[in-house]
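Colleague: Okay, so here is input-v3.txt, and as you'll see once you scroll down, it has compact mmCIF, C-alpha atoms and all ligand atoms.
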# COMPACT_ATOMS: atom_id res chain seq x y z
CA MET A 51 -3.72 -1.49 58.22
CA PHE A 52 -1.86 -4.30 59.92
CA GLU A 53 0.79 -5.99 57.82
CA ASP A 54 2.81 -9.19 57.74
CA ARG A 55 0.44 -11.63 59.38
CA PRO A 56 2.18 -15.04 59.51
CA ASP A 57 0.31 -17.63 57.46
CA ARG A 58 -1.40 -19.69 60.15
CA ASP A 59 -4.79 -21.41 60.09
CA ALA A 60 -5.27 -21.51 63.84
CA GLU A 61 -4.94 -18.47 66.04
CA VAL A 62 -5.85 -17.09 69.44
CA VAL A 63 -6.12 -13.30 69.63
CA LEU A 64 -5.88 -11.07 72.69
CA VAL A 65 -7.76 -7.78 72.71
CA GLY A 66 -8.25 -5.27 75.48
CA ARG A 67 -7.81 -1.77 76.72
CA SER A 68 -4.33 -0.43 77.26
CA ASN A 69 -2.68 -1.32 80.55
CA VAL A 70 -4.88 -4.32 81.41
CA GLY A 71 -1.81 -6.57 81.31
CA LYS A 72 -1.95 -8.01 77.78
CA SER A 73 1.83 -7.91 77.32
CA THR A 74 2.33 -9.62 80.67
CA LEU A 75 -0.23 -12.27 79.74
CA MET A 76 1.35 -12.77 76.32
CA ARG A 77 4.68 -13.40 78.03
CA GLU A 78 3.10 -16.00 80.30
CA LEU A 79 1.32 -17.73 77.42
CA THR A 80 4.36 -17.91 75.17
CA GLY A 81 7.36 -17.71 77.48
CA HIS A 82 8.58 -14.86 75.34
CA SER A 83 8.94 -11.17 76.19
CA PHE A 84 7.87 -8.68 73.59
CA ASP A 85 9.44 -5.31 73.14
CA THR A 86 6.32 -3.19 73.07
CA GLY A 87 8.25 -0.05 72.33
CA GLY A 88 7.56 1.60 75.68
CA LYS A 89 4.71 4.05 75.31
CA PRO A 90 1.20 2.65 75.03
CA GLY A 91 -0.44 3.43 71.74
CA VAL A 92 2.86 3.70 69.97
CA THR A 93 2.94 0.06 68.96
CA ARG A 94 0.19 -0.15 66.42
CA GLN A 95 1.10 -3.51 64.98
CA PRO A 96 0.04 -6.88 66.40
CA ASN A 97 2.59 -9.05 68.18
CA HIS A 98 2.42 -12.50 66.67
CA TYR A 99 3.97 -15.46 68.40
CA ASP A 100 4.19 -18.58 66.31
CA TRP A 101 6.11 -21.83 66.44
CA THR A 102 8.21 -23.00 63.52
CA GLY A 103 6.52 -25.81 61.71
CA GLN A 104 3.29 -25.42 63.67
CA ASP A 105 0.06 -24.13 62.29
CA PHE A 106 -0.80 -21.99 65.32
CA MET A 107 -0.08 -18.58 66.81
CA PHE A 108 -1.00 -16.23 69.60
CA THR A 109 -1.60 -12.65 68.51
CA ASP A 110 -1.64 -9.68 70.85
CA LEU A 111 -3.59 -6.93 69.12
CA PRO A 112 -2.79 -3.32 70.03
CA GLY A 113 -4.44 -1.91 73.15
CA PHE A 114 -7.31 0.47 72.70
CA GLY A 115 -9.29 2.91 74.78
CA PHE A 116 -7.73 5.72 76.72
CA MET A 117 -4.04 6.23 76.15
CA SER A 118 -2.43 9.37 77.43
CA GLY A 119 -0.73 11.33 74.70
CA VAL A 120 -2.58 9.55 71.91
CA GLU A 121 -5.13 11.51 69.91
CA ASP A 122 -8.74 10.42 69.53
CA GLU A 123 -8.36 10.00 65.81
CA ARG A 124 -5.43 7.66 66.19
CA ARG A 125 -7.29 5.67 68.84
CA GLU A 126 -10.21 5.20 66.49
CA ALA A 127 -7.83 4.15 63.70
CA ILE A 128 -6.34 1.49 65.97
CA LYS A 129 -9.78 0.16 66.78
CA THR A 130 -10.77 0.07 63.12
CA ASP A 131 -7.61 -1.91 62.34
CA ILE A 132 -8.40 -4.39 65.12
CA VAL A 133 -11.95 -4.90 63.87
CA ARG A 134 -10.74 -5.45 60.30
CA TYR A 135 -8.06 -7.87 61.39
CA VAL A 136 -10.53 -9.98 63.33
CA GLU A 137 -13.11 -9.91 60.55
CA GLU A 138 -10.60 -10.94 57.91
CA ASN A 139 -9.15 -13.76 59.96
CA ALA A 140 -12.29 -14.89 61.77
CA GLU A 141 -12.11 -18.39 60.29
CA ALA A 142 -8.66 -19.00 61.75
CA ILE A 143 -9.42 -17.46 65.13
CA LEU A 144 -10.39 -20.25 67.53
CA ALA A 145 -10.69 -17.95 70.52
CA GLY A 146 -10.91 -14.21 71.05
CA VAL A 147 -9.63 -13.35 74.51
CA VAL A 148 -10.92 -10.04 75.85
CA VAL A 149 -8.54 -9.08 78.64
CA VAL A 150 -9.98 -6.80 81.32
CA ASP A 151 -8.60 -5.35 84.53
CA GLY A 152 -10.59 -7.01 87.33
CA LYS A 153 -10.05 -4.06 89.60
CA SER A 154 -11.27 -1.28 87.30
CA ALA A 155 -13.37 -2.85 84.51
CA VAL A 156 -16.79 -2.45 86.12
CA ASP A 157 -16.21 1.21 87.05
CA ILE A 158 -14.92 2.07 83.59
CA ILE A 159 -17.81 0.29 81.88
CA ASP A 160 -20.37 2.01 84.09
CA ARG A 161 -18.81 5.42 83.56
CA HIS A 162 -18.95 5.02 79.78
CA ALA A 163 -22.50 3.70 79.93
CA GLU A 164 -23.64 6.64 82.08
CA ARG A 165 -22.34 9.01 79.41
CA GLY A 166 -24.39 7.15 76.85
CA ASN A 167 -21.42 5.49 75.15
CA VAL A 168 -20.99 1.81 74.45
CA PRO A 169 -18.03 0.79 76.60
CA HIS A 170 -15.07 -0.66 74.64
CA ASP A 171 -15.09 -4.03 76.39
CA VAL A 172 -18.83 -4.46 75.87
CA GLU A 173 -18.41 -3.50 72.23
CA MET A 174 -15.54 -5.95 71.75
CA VAL A 175 -17.43 -8.88 73.31
CA SER A 176 -20.47 -8.32 71.12
CA PHE A 177 -18.32 -7.73 68.05
CA LEU A 178 -16.59 -11.10 68.55
CA ARG A 179 -19.96 -12.80 68.91
CA ASP A 180 -21.17 -11.08 65.73
CA VAL A 181 -18.31 -12.49 63.70
CA GLY A 182 -18.87 -15.97 65.13
CA ILE A 183 -16.02 -16.06 67.63
CA ASP A 184 -17.07 -17.06 71.15
CA PRO A 185 -15.32 -14.59 73.44
CA VAL A 186 -13.30 -15.64 76.47
CA VAL A 187 -12.98 -12.92 79.11
CA ALA A 188 -9.67 -13.03 80.96
CA VAL A 189 -10.22 -11.07 84.15
CA ASN A 190 -6.69 -10.05 85.07
CA LYS A 191 -5.14 -8.50 88.20
CA MET A 192 -7.30 -10.65 90.48
CA ASP A 193 -4.61 -10.12 93.15
CA LYS A 194 -6.03 -6.60 93.54
CA VAL A 195 -9.64 -7.76 93.94
CA ASP A 196 -11.04 -8.46 97.42
CA ASP A 197 -14.66 -9.30 96.64
CA ARG A 198 -13.85 -11.96 94.06
CA ASP A 199 -17.26 -13.53 93.45
CA GLU A 200 -19.20 -10.25 93.51
CA ARG A 201 -16.72 -8.67 91.14
CA LEU A 202 -16.79 -11.55 88.69
CA ASP A 203 -20.59 -11.59 88.76
CA ALA A 204 -20.65 -7.84 88.02
CA ILE A 205 -18.28 -8.33 85.08
CA CYS A 206 -20.53 -11.13 83.76
CA ASP A 207 -23.54 -8.87 84.10
CA ARG A 208 -21.92 -6.00 82.20
CA LEU A 209 -20.54 -8.18 79.41
CA GLY A 210 -23.66 -10.19 78.76
CA PHE A 211 -22.86 -13.48 80.52
CA TYR A 212 -25.62 -14.62 82.80
CA PRO A 213 -24.34 -14.69 86.43
CA PRO A 214 -23.24 -16.50 88.58
CA TRP A 215 -19.80 -16.44 87.00
CA GLN A 216 -19.10 -20.03 88.05
CA GLN A 217 -21.38 -21.17 85.24
CA TRP A 218 -18.78 -19.87 82.80
CA GLU A 219 -15.73 -21.27 84.54
CA GLY A 220 -13.58 -23.21 82.10
CA GLU A 221 -15.63 -21.82 79.22
CA ALA A 222 -15.73 -18.05 79.02
CA ILE A 223 -14.80 -16.33 82.29
CA ALA A 224 -11.21 -16.76 83.44
CA PRO A 225 -9.98 -14.99 86.59
CA ILE A 226 -6.19 -14.74 86.31
CA CYS A 227 -3.16 -12.99 87.70
CA ALA A 228 -0.74 -12.70 84.80
CA LYS A 229 1.90 -10.95 86.85
CA ARG A 230 2.25 -13.97 89.11
CA GLY A 231 2.01 -16.42 86.24
CA ASP A 232 -1.37 -17.65 87.44
CA ILE A 233 -3.20 -18.14 84.15
CA GLU A 234 -4.51 -21.67 84.56
CA ALA A 235 -8.17 -20.56 84.38
CA LEU A 236 -7.53 -19.10 80.92
CA ASN A 237 -5.55 -22.12 79.76
CA GLU A 238 -8.46 -24.31 80.80
CA CYS A 239 -10.87 -22.23 78.68
CA LEU A 240 -8.52 -22.43 75.71
CA ARG A 241 -8.05 -26.18 76.09
CA ASN A 242 -11.82 -26.63 76.06
CA ARG A 243 -12.14 -24.43 72.98
CA PHE A 244 -9.50 -26.39 71.11
CA HIS A 245 -11.12 -29.65 72.09
CA GLU A 246 -14.56 -28.46 70.97
CA ALA A 247 -13.04 -27.31 67.68
CA LYS A 248 -11.60 -30.84 67.27
CA ARG A 249 -8.10 -29.43 67.51
CA ASP A 250 -6.59 -31.54 70.27
CA ASP A 251 -3.29 -31.18 68.40
CA LEU A 252 -3.15 -27.63 69.78
CA LEU A 253 -3.43 -28.62 73.44
CA GLN A 254 0.37 -28.58 73.65
CA PHE A 255 0.29 -24.77 73.43
CA VAL A 256 -1.82 -24.20 76.55
CA LYS A 257 -0.27 -26.33 79.26
P1 LIG A 301 -0.77 -3.88 78.44
O1 LIG A 301 -0.73 -2.41 78.20
O2 LIG A 301 -2.15 -4.40 78.43
O3 LIG A 301 0.15 -4.67 77.57
O4 LIG A 301 -0.30 -4.08 79.97
P2 LIG A 301 1.10 -4.56 80.60
O5 LIG A 301 1.30 -6.02 80.42
O6 LIG A 301 2.18 -3.65 80.11
O7 LIG A 301 0.77 -4.31 82.13
C1 LIG A 301 0.35 -3.05 82.62
C2 LIG A 301 0.68 -2.96 84.09
O8 LIG A 301 -0.14 -3.90 84.81
C3 LIG A 301 2.13 -3.33 84.41
O9 LIG A 301 2.57 -2.48 85.45
C4 LIG A 301 2.03 -4.77 84.87
O10 LIG A 301 3.07 -5.12 85.75
C5 LIG A 301 0.69 -4.75 85.58
N1 LIG A 301 0.09 -6.09 85.67
C6 LIG A 301 -0.02 -7.02 84.69
N2 LIG A 301 -0.64 -8.13 85.16
C7 LIG A 301 -0.93 -7.89 86.45
C8 LIG A 301 -1.56 -8.67 87.50
O11 LIG A 301 -1.98 -9.81 87.31
N3 LIG A 301 -1.69 -8.06 88.71
C9 LIG A 301 -1.24 -6.79 88.94
N4 LIG A 301 -1.41 -6.30 90.17
N5 LIG A 301 -0.64 -6.05 88.01
C10 LIG A 301 -0.48 -6.59 86.78
Would you give me this structure, written as structure tokens?
Modeller:
Amino acid sequence: MFEDRPDRDAEVVLVGRSNVGKSTLMRELTGHSFDTGGKPGVTRQPNHYDWTGQDFMFTDLPGFGFMSGVEDERREAIKTDIVRYVEENAEAILAGVVVVDGKSAVDIIDRHAERGNVPHDVEMVSFLRDVGIDPVVAVNKMDKVDDRDERLDAICDRLGFYPPWQQWEGEAIAPICAKRGDIEALNECLRNRFHEAKRDDLLQFVK
């Protein structure tokens, strides 16, 4: 089980498969680099980033899904911990950001679905909805995507957002390129969430 959660009443969590760029995004959101310990799957604890004297934090939850060298059982344990963490802190969590790789998400989802499994990203989006957290999908690595609109529509379709994706712009679908520091579409979604939650005091954290 995850330990040592800082005592904060407002939180934004990042979830996603390994290697989608969550650490890179976390760095862009906070201006702080996290030592993730190298190997994916090894870091099982969340990375919290909070500000002294402020009642807010970003939390990067461990990556899930395929990780080379990590056993199935351990992968399942990580997912169980993530689900518990979100359930227990759902009241504080103003936004659940599901980070996906724009280049590979649709293929991975379709492959899982063909095998009769519920794909991780689909599961995570519906789980967040179930616990009353409106998911925001950060579609990362858009620099590697040529057919931008088609790709974003396909991601909407798979994750249960009615296409065209532009309907969700600024609300739930955020095409970004974390590596280049281009995360404005996500910041816009978060600003809107904070405003809707009557937490304009938090706008300072998503400039
Ligand atoms: P994590 O496992 O989800 O924390 O992923 P990382 O942040 O460690 O990133 C995984 C890989 O994706 C690294 O090689 C990053 O440089 C790369 N990456 C992250 N963001 C982007 C992006 O926007 N575009 C591209 N092309 N690569 C990215």
Colleague: Of the candidates A:Met107, A:Leu209, A:Ile159, A:Ile233, which shows the shortest atom-to-atom distance to ligand LIG 301 (chain A), using all atoms listed in the file?
Modeller: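 The shortest atom-to-atom distance to ligand LIG 301 (chain A) comes from A:Ile233.
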Colleague: Taking (2.6, -13.6, 80.7) in the file's own coordinates, collect the residues within 12 Å, counting all atoms listed in the file, and hand them back as a PDB file with C-alpha atoms, keeping the file's coordinate frame.
Modeller:
ATOM      1  CA  LEU A  64      -5.880 -11.070  72.690  1.00  0.00           C
ATOM      2  CA  VAL A  70      -4.880  -4.320  81.410  1.00  0.00           C
ATOM      3  CA  GLY A  71      -1.810  -6.570  81.310  1.00  0.00           C
ATOM      4  CA  LYS A  72      -1.950  -8.010  77.780  1.00  0.00           C
ATOM      5  CA  SER A  73       1.830  -7.910  77.320  1.00  0.00           C
ATOM      6  CA  THR A  74       2.330  -9.620  80.670  1.00  0.00           C
ATOM      7  CA  LEU A  75      -0.230 -12.270  79.740  1.00  0.00           C
ATOM      8  CA  MET A  76       1.350 -12.770  76.320  1.00  0.00           C
ATOM      9  CA  ARG A  77       4.680 -13.400  78.030  1.00  0.00           C
ATOM     10  CA  GLU A  78       3.100 -16.000  80.300  1.00  0.00           C
ATOM     11  CA  LEU A  79       1.320 -17.730  77.420  1.00  0.00           C
ATOM     12  CA  THR A  80       4.360 -17.910  75.170  1.00  0.00           C
ATOM     13  CA  GLY A  81       7.360 -17.710  77.480  1.00  0.00           C
ATOM     14  CA  HIS A  82       8.580 -14.860  75.340  1.00  0.00           C
ATOM     15  CA  SER A  83       8.940 -11.170  76.190  1.00  0.00           C
ATOM     16  CA  PHE A  84       7.870  -8.680  73.590  1.00  0.00           C
ATOM     17  CA  PHE A 108      -1.000 -16.230  69.600  1.00  0.00           C
ATOM     18  CA  ASP A 110      -1.640  -9.680  70.850  1.00  0.00           C
ATOM     19  CA  ASN A 190      -6.690 -10.050  85.070  1.00  0.00           C
ATOM     20  CA  LYS A 191      -5.140  -8.500  88.200  1.00  0.00           C
ATOM     21  CA  ILE A 226      -6.190 -14.740  86.310  1.00  0.00           C
ATOM     22  CA  CYS A 227      -3.160 -12.990  87.700  1.00  0.00           C
ATOM     23  CA  ALA A 228      -0.740 -12.700  84.800  1.00  0.00           C
ATOM     24  CA  LYS A 229       1.900 -10.950  86.850  1.00  0.00           C
ATOM     25  CA  ARG A 230       2.250 -13.970  89.110  1.00  0.00           C
ATOM     26  CA  GLY A 231       2.010 -16.420  86.240  1.00  0.00           C
ATOM     27  CA  ASP A 232      -1.370 -17.650  87.440  1.00  0.00           C
ATOM     28  CA  ILE A 233      -3.200 -18.140  84.150  1.00  0.00           C
ATOM     29  CA  GLU A 234      -4.510 -21.670  84.560  1.00  0.00           C
ATOM     30  CA  LEU A 236      -7.530 -19.100  80.920  1.00  0.00           C
ATOM     31  CA  ASN A 237      -5.550 -22.120  79.760  1.00  0.00           C
TER      32      ASN A 237
END
Colleague: Between A:Arg165, A:Lys129, A:His98, A:Arg201, which residue has the minimum interatomic distance to Glu61 in chain A, considering all atoms listed in the file?
Modeller: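 Answer, going by the shortest atom-to-atom distance: A:His98.
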Colleague: Smallest atom-to-atom distance to Asp171 in chain A: which of A:Ile128, A:Val136, A:Val147, A:Met192, using all atoms listed in the file?
Modeller: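 Checking each candidate against Asp171 in chain A, we get A:Val147 as the closest.
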Colleague: I'd like the interatomic distance between CA of Gln254 in chain A and CA of Ala145 in chain A, to a tenth of an Å.
Modeller: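 CA of Gln254 in chain A sits 15.7 Å away from CA of Ala145 in chain A.
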Colleague: Around all listed atoms of ligand LIG 301 (chain A), padded 8 Å per side, what centre and edge lengths does the axis-aligned box have in Å to one decimal, as AutoDock Vina command-line options?
Modeller:
--center_x 0.5 --center_y -6.1 --center_z 83.9 --size_x 21.2 --size_y 23.4 --size_z 28.6
Colleague: Compare A:Leu252, A:Val120, A:Val150, A:Ala127 by their minimum atom-to-atom distance to ligand LIG 301 (chain A), counting all atoms listed in the file, and give me the closest one.
Modeller: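 Distance minimum relative to ligand LIG 301 (chain A) lands on A:Val150.
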Colleague: Could you check how far CA of Glu121 in chain A sits from CA of Asn97 in chain A, in Å to one decimal?
Modeller: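 Distance reported for this atom pair: 22.0 Å.
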Colleague: I need the residue nearest Gln104 in chain A from this list: A:Ala60, A:Val186, A:Val65, A:Met174. Use all atoms listed in the file for the distance.
Modeller: A:Ala60
Colleague: Please identify all polymer residues within 12 Å of range 175-183 of chain A, counting only C-alpha atoms, omitting same-chain residues fewer than 3 positions from it, and present them as a PyMOL selection string.
Modeller: chain A and resi 61-66+129-130+132-150+168-172+186-188+205-206+208-211+222-223+243+247
Colleague: Go ahead and save the picked residues with C-alpha atoms, as a compact mmCIF listing (two decimals), keeping the file's coordinate frame.
Modeller:
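result-v4.txt, freshly written:
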# COMPACT_ATOMS: atom_id res chain seq x y z
CA GLU A 61 -4.94 -18.47 66.04
CA VAL A 62 -5.85 -17.09 69.44
CA VAL A 63 -6.12 -13.30 69.63
CA LEU A 64 -5.88 -11.07 72.69
CA VAL A 65 -7.76 -7.78 72.71
CA GLY A 66 -8.25 -5.27 75.48
CA LYS A 129 -9.78 0.16 66.78
CA THR A 130 -10.77 0.07 63.12
CA ILE A 132 -8.40 -4.39 65.12
CA VAL A 133 -11.95 -4.90 63.87
CA ARG A 134 -10.74 -5.45 60.30
CA TYR A 135 -8.06 -7.87 61.39
CA VAL A 136 -10.53 -9.98 63.33
CA GLU A 137 -13.11 -9.91 60.55
CA GLU A 138 -10.60 -10.94 57.91
CA ASN A 139 -9.15 -13.76 59.96
CA ALA A 140 -12.29 -14.89 61.77
CA GLU A 141 -12.11 -18.39 60.29
CA ALA A 142 -8.66 -19.00 61.75
CA ILE A 143 -9.42 -17.46 65.13
CA LEU A 144 -10.39 -20.25 67.53
CA ALA A 145 -10.69 -17.95 70.52
CA GLY A 146 -10.91 -14.21 71.05
CA VAL A 147 -9.63 -13.35 74.51
CA VAL A 148 -10.92 -10.04 75.85
CA VAL A 149 -8.54 -9.08 78.64
CA VAL A 150 -9.98 -6.80 81.32
CA VAL A 168 -20.99 1.81 74.45
CA PRO A 169 -18.03 0.79 76.60
CA HIS A 170 -15.07 -0.66 74.64
CA ASP A 171 -15.09 -4.03 76.39
CA VAL A 172 -18.83 -4.46 75.87
CA VAL A 186 -13.30 -15.64 76.47
CA VAL A 187 -12.98 -12.92 79.11
CA ALA A 188 -9.67 -13.03 80.96
CA ILE A 205 -18.28 -8.33 85.08
CA CYS A 206 -20.53 -11.13 83.76
CA ARG A 208 -21.92 -6.00 82.20
CA LEU A 209 -20.54 -8.18 79.41
CA GLY A 210 -23.66 -10.19 78.76
CA PHE A 211 -22.86 -13.48 80.52
CA ALA A 222 -15.73 -18.05 79.02
CA ILE A 223 -14.80 -16.33 82.29
CA ARG A 243 -12.14 -24.43 72.98
CA ALA A 247 -13.04 -27.31 67.68
Colleague: Would you mind telling me which residue in A:Asp59, A:Glu123, A:Glu53, A:Lys248 lies nearest to Gln95 in chain A when using all atoms listed in the file?
Modeller: A:Glu53
Colleague: Give me, please, the distance in Å between CA of Asp193 in chain A and atom C9 of ligand LIG 301 (chain A), quoted to one decimal.
Modeller: 6.3 Å
